[in-house]
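To start, the structure itself, in structure tokens.
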Amino acid sequence: MTPADWTSWPSREALARDNRAHSRTVIAWSVRAGLLTLMLWGTFTGGLFGPWEIVVGVLGVLGCGLLAVAFFRTSLENRLWPSLGLLVLLMLAAFGAQQAGAAVPAAVLWCGCAVTALERLPLSAAVPSTAVALGAYALVNTDDWLTTAVTTAGLCLAGYVLRLDAEARGSAQRLLAQERAARVAEAETAALDERSRIAREIHDVLAHSLSAQLVHLEAARLLIEREPAGQFRDQVLQRVVAARSMAREGLAETRQALSALRGEVTPVEDFLRQLVAGEPAEVRVEGEQRSLTAEASQTVRRVAQEAVTNVRKHAPGARVLIRLEYLPQGIALDVTDSGGRGSGGDLAVSGSGYGLLGMRERAELLGGTLEAGPGEEGFVVSLRVPA
């Protein structure tokens, strides 16, 4: 046994007993309550104490219970001197009970102090405390010396066995927690590897294809512009320019999706400000900002993008207010427009547009909700997802 073994406290897992089975806890406390009831009944019904003495005795038992609870808390916090002080008070209470004639409660207190000290204190403090408690018990015990010696030795052994058992359970809990953390890290690594593989596939196929389309569309635009002006030429040019814009937006969306898959996304607040840059819009961020899960972040981005697109289509010229709020257990997004020159009737209260329907399904997959409908002036899209 090394010097560190004498000065170190039992582990917090061993002292806290947080993961003890509920059935085991119920059985332990039931046995304690039953034994305490029998002990007090046998002590106070023997005719040795009057009514007032019984009241004082019951109050003393309650006080010892409070001292024991305080001892368990201070030892859990590894506070040596308060723990020793409370242990001394419990021993003094045992001495008072012995002087008053309550020999059984006094013996139980001394033995309990000895066993609990060995179980919960550093050995450098537990061994002297146990020696004092068992020494006092041996002095007042009326049995023969052999029985007393065997009893004290058994109590020492019981206290040390309880300490070893608690340490073993604490070590098992730590190993279980480490194993769970390792499994979570392994799963996250596997998911990240799979996302990286998907990102490479998308980059090699879709991103390259869109980039090539942009090059060809730009070349087509330059060729069309060289032709003589005319109605047919202008219509073709308009279609080519529109297709080029769509390809550019698709490429930008693809790059954002690739960044999301690789975990390299920009903060949601920055994305929202870029989304409405150069438009009559306002972005408000409320609550304590924190990093979001990839799924929640992507959902917020897609819903905001769809809502702003709908405003451009159905309420051109409307002023947009985007409100992002960090909630304790999630995140909320509200996109409100002031109404514009167009009509918002194409979007029903139920969110019958396929874009919003897809966003609602995306939110529900995360355990959230999405509501869309007319507001006081224009249209309101509200998203709530856990994050």
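Chain labels follow the order of the structure tokens: the first chain is A, the next B, and so on; residue numbering restarts at 1 in every chain, and ligands are counted from 1 in their shown order.
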- Item | Test item: residues at most 9 Å from range 356-360 of chain A, only C-alpha atoms, excluding those fewer than 4 positions along its chain, as a PyMOL selection string | chain A and resi 299+302-303+306-307+350-352+364-365+368-372+381+383
Dump N, CA and C atoms for the selected residues as a short mmCIF file (atom, residue, chain, number, x, y, z; two decimals), in the first residue's frame?
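Wrote part-v1.cif, looks like this:
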data_model
loop_
_atom_site.label_atom_id
_atom_site.label_comp_id
_atom_site.auth_asym_id
_atom_site.auth_seq_id
_atom_site.Cartn_x
_atom_site.Cartn_y
_atom_site.Cartn_z
N THR A 299 -31.47 22.80 -41.25
CA THR A 299 -32.92 23.03 -41.32
C THR A 299 -33.24 24.51 -41.24
N ARG A 302 -32.36 26.13 -44.62
CA ARG A 302 -33.27 25.81 -45.71
C ARG A 302 -34.63 26.48 -45.54
N VAL A 303 -35.12 26.52 -44.32
CA VAL A 303 -36.42 27.17 -44.08
C VAL A 303 -36.32 28.66 -44.35
N GLU A 306 -36.15 29.18 -48.12
CA GLU A 306 -37.45 28.96 -48.78
C GLU A 306 -38.41 30.11 -48.48
N ALA A 307 -38.40 30.58 -47.23
CA ALA A 307 -39.30 31.67 -46.86
C ALA A 307 -38.96 32.95 -47.61
N SER A 350 -52.24 26.38 -44.60
CA SER A 350 -51.66 25.07 -44.27
C SER A 350 -50.27 24.88 -44.83
N GLY A 351 -49.77 25.82 -45.58
CA GLY A 351 -48.44 25.65 -46.16
C GLY A 351 -48.48 24.67 -47.31
N SER A 352 -49.41 24.88 -48.24
CA SER A 352 -49.59 23.91 -49.30
C SER A 352 -48.52 23.97 -50.36
N GLU A 364 -40.22 18.14 -38.76
CA GLU A 364 -40.82 17.05 -38.00
C GLU A 364 -39.86 15.89 -37.81
N LEU A 365 -38.97 15.67 -38.77
CA LEU A 365 -37.97 14.62 -38.61
C LEU A 365 -37.04 14.90 -37.44
N GLY A 368 -39.34 18.83 -34.43
CA GLY A 368 -39.77 20.23 -34.34
C GLY A 368 -41.07 20.47 -35.07
N THR A 369 -41.40 21.74 -35.22
CA THR A 369 -42.64 22.13 -35.90
C THR A 369 -42.35 23.30 -36.83
N LEU A 370 -43.17 23.40 -37.87
CA LEU A 370 -43.12 24.54 -38.78
C LEU A 370 -44.54 24.97 -39.08
N GLU A 371 -44.81 26.24 -38.88
CA GLU A 371 -46.12 26.80 -39.16
C GLU A 371 -45.96 27.95 -40.15
N ALA A 372 -46.89 28.02 -41.10
CA ALA A 372 -46.85 29.07 -42.12
C ALA A 372 -48.27 29.56 -42.37
N VAL A 381 -43.63 32.67 -41.39
CA VAL A 381 -43.15 31.29 -41.32
C VAL A 381 -42.43 31.15 -39.98
N LEU A 383 -40.52 28.45 -37.33
CA LEU A 383 -39.86 27.17 -37.18
C LEU A 383 -39.39 27.00 -35.73
#
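Atom to atom, CA of Arg319 in chain A and CA of Leu292 in chain A stand 27.7 Å apart.
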- Task: as a ChimeraX atom specification, list the residues of range 162-379 of chain A assigned to strand (DSSP E or B) by DSSP on the backbone atoms of this structure.
- Result: /A:281-286,320-327,330-337,369-374,379
Prev. selection, C-alpha atoms, output as a compact mmCIF listing (two decimals), in the first residue's frame:
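Writing done, so here's result04.txt:
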# COMPACT_ATOMS: atom_id res chain seq x y z
CA ALA A 281 -34.66 43.16 -44.62
CA GLU A 282 -33.64 43.00 -40.97
CA VAL A 283 -32.04 40.12 -39.08
CA ARG A 284 -32.45 39.91 -35.30
CA VAL A 285 -30.60 37.39 -33.14
CA GLU A 286 -31.77 36.83 -29.57
CA VAL A 320 -38.61 41.07 -44.43
CA LEU A 321 -37.90 40.54 -40.73
CA ILE A 322 -35.89 37.44 -39.80
CA ARG A 323 -35.84 36.69 -36.08
CA LEU A 324 -33.53 33.95 -34.80
CA GLU A 325 -33.85 33.05 -31.11
CA TYR A 326 -31.69 30.61 -29.17
CA LEU A 327 -33.93 28.76 -26.73
CA GLY A 330 -33.79 24.45 -29.16
CA ILE A 331 -33.86 27.25 -31.66
CA ALA A 332 -36.68 29.33 -33.16
CA LEU A 333 -36.82 31.05 -36.53
CA ASP A 334 -39.53 33.53 -37.58
CA VAL A 335 -39.60 35.02 -41.08
CA THR A 336 -42.19 37.78 -41.46
CA ASP A 337 -42.88 39.99 -44.45
CA THR A 369 -42.64 22.13 -35.90
CA LEU A 370 -43.12 24.54 -38.78
CA GLU A 371 -46.12 26.80 -39.16
CA ALA A 372 -46.85 29.07 -42.12
CA GLY A 373 -49.75 31.43 -42.65
CA PRO A 374 -50.92 35.03 -43.01
CA PHE A 379 -46.98 36.10 -44.40
Fewer than 3 positions away in the same chain doesn't count, so skip those; otherwise give me all residues within 12 Å of range 229-242 of chain A, counting only C-alpha atoms, as a PDB file with N, CA and C atoms, in the first residue's frame.
ATOM      1  N   GLN A 213     -21.555  23.447 -66.783  1.00  0.00           N
ATOM      2  CA  GLN A 213     -22.751  24.096 -67.326  1.00  0.00           C
ATOM      3  C   GLN A 213     -22.609  25.608 -67.326  1.00  0.00           C
ATOM      4  N   LEU A 214     -22.055  26.160 -66.245  1.00  0.00           N
ATOM      5  CA  LEU A 214     -21.857  27.601 -66.176  1.00  0.00           C
ATOM      6  C   LEU A 214     -20.939  28.076 -67.305  1.00  0.00           C
ATOM      7  N   VAL A 215     -19.877  27.338 -67.560  1.00  0.00           N
ATOM      8  CA  VAL A 215     -18.957  27.710 -68.628  1.00  0.00           C
ATOM      9  C   VAL A 215     -19.664  27.691 -69.990  1.00  0.00           C
ATOM     10  N   HIS A 216     -20.419  26.643 -70.268  1.00  0.00           N
ATOM     11  CA  HIS A 216     -21.116  26.534 -71.547  1.00  0.00           C
ATOM     12  C   HIS A 216     -22.216  27.588 -71.680  1.00  0.00           C
ATOM     13  N   LEU A 217     -22.945  27.860 -70.593  1.00  0.00           N
ATOM     14  CA  LEU A 217     -23.996  28.869 -70.649  1.00  0.00           C
ATOM     15  C   LEU A 217     -23.414  30.264 -70.863  1.00  0.00           C
ATOM     16  N   GLU A 218     -22.283  30.527 -70.236  1.00  0.00           N
ATOM     17  CA  GLU A 218     -21.645  31.821 -70.441  1.00  0.00           C
ATOM     18  C   GLU A 218     -21.159  31.956 -71.889  1.00  0.00           C
ATOM     19  N   ALA A 219     -20.612  30.861 -72.424  1.00  0.00           N
ATOM     20  CA  ALA A 219     -20.190  30.896 -73.833  1.00  0.00           C
ATOM     21  C   ALA A 219     -21.390  31.085 -74.758  1.00  0.00           C
ATOM     22  N   ALA A 220     -22.518  30.417 -74.434  1.00  0.00           N
ATOM     23  CA  ALA A 220     -23.723  30.579 -75.248  1.00  0.00           C
ATOM     24  C   ALA A 220     -24.235  32.011 -75.180  1.00  0.00           C
ATOM     25  N   ARG A 221     -24.167  32.614 -74.003  1.00  0.00           N
ATOM     26  CA  ARG A 221     -24.626  34.008 -73.876  1.00  0.00           C
ATOM     27  C   ARG A 221     -23.789  34.938 -74.742  1.00  0.00           C
ATOM     28  N   LEU A 222     -22.471  34.726 -74.714  1.00  0.00           N
ATOM     29  CA  LEU A 222     -21.601  35.596 -75.520  1.00  0.00           C
ATOM     30  C   LEU A 222     -21.862  35.406 -77.015  1.00  0.00           C
ATOM     31  N   LEU A 223     -22.117  34.169 -77.434  1.00  0.00           N
ATOM     32  CA  LEU A 223     -22.405  33.920 -78.837  1.00  0.00           C
ATOM     33  C   LEU A 223     -23.734  34.536 -79.263  1.00  0.00           C
ATOM     34  N   ILE A 224     -24.742  34.426 -78.387  1.00  0.00           N
ATOM     35  CA  ILE A 224     -26.068  34.975 -78.724  1.00  0.00           C
ATOM     36  C   ILE A 224     -26.011  36.491 -78.803  1.00  0.00           C
ATOM     37  N   GLU A 225     -25.241  37.104 -77.925  1.00  0.00           N
ATOM     38  CA  GLU A 225     -25.162  38.570 -77.942  1.00  0.00           C
ATOM     39  C   GLU A 225     -24.530  39.106 -79.222  1.00  0.00           C
ATOM     40  N   ARG A 226     -23.776  38.281 -79.938  1.00  0.00           N
ATOM     41  CA  ARG A 226     -23.168  38.725 -81.206  1.00  0.00           C
ATOM     42  C   ARG A 226     -24.165  38.708 -82.373  1.00  0.00           C
ATOM     43  N   SER A 245     -28.108  31.844 -64.236  1.00  0.00           N
ATOM     44  CA  SER A 245     -28.338  32.251 -62.840  1.00  0.00           C
ATOM     45  C   SER A 245     -28.738  31.053 -61.987  1.00  0.00           C
ATOM     46  N   MET A 246     -29.608  30.201 -62.542  1.00  0.00           N
ATOM     47  CA  MET A 246     -30.013  29.016 -61.799  1.00  0.00           C
ATOM     48  C   MET A 246     -28.833  28.069 -61.570  1.00  0.00           C
ATOM     49  N   ALA A 247     -27.985  27.908 -62.564  1.00  0.00           N
ATOM     50  CA  ALA A 247     -26.812  27.056 -62.395  1.00  0.00           C
ATOM     51  C   ALA A 247     -25.862  27.624 -61.353  1.00  0.00           C
ATOM     52  N   ARG A 248     -25.704  28.967 -61.352  1.00  0.00           N
ATOM     53  CA  ARG A 248     -24.827  29.604 -60.358  1.00  0.00           C
ATOM     54  C   ARG A 248     -25.386  29.404 -58.945  1.00  0.00           C
ATOM     55  N   GLU A 249     -26.706  29.587 -58.790  1.00  0.00           N
ATOM     56  CA  GLU A 249     -27.321  29.375 -57.479  1.00  0.00           C
ATOM     57  C   GLU A 249     -27.212  27.915 -57.061  1.00  0.00           C
TER      58      GLU A 249
END
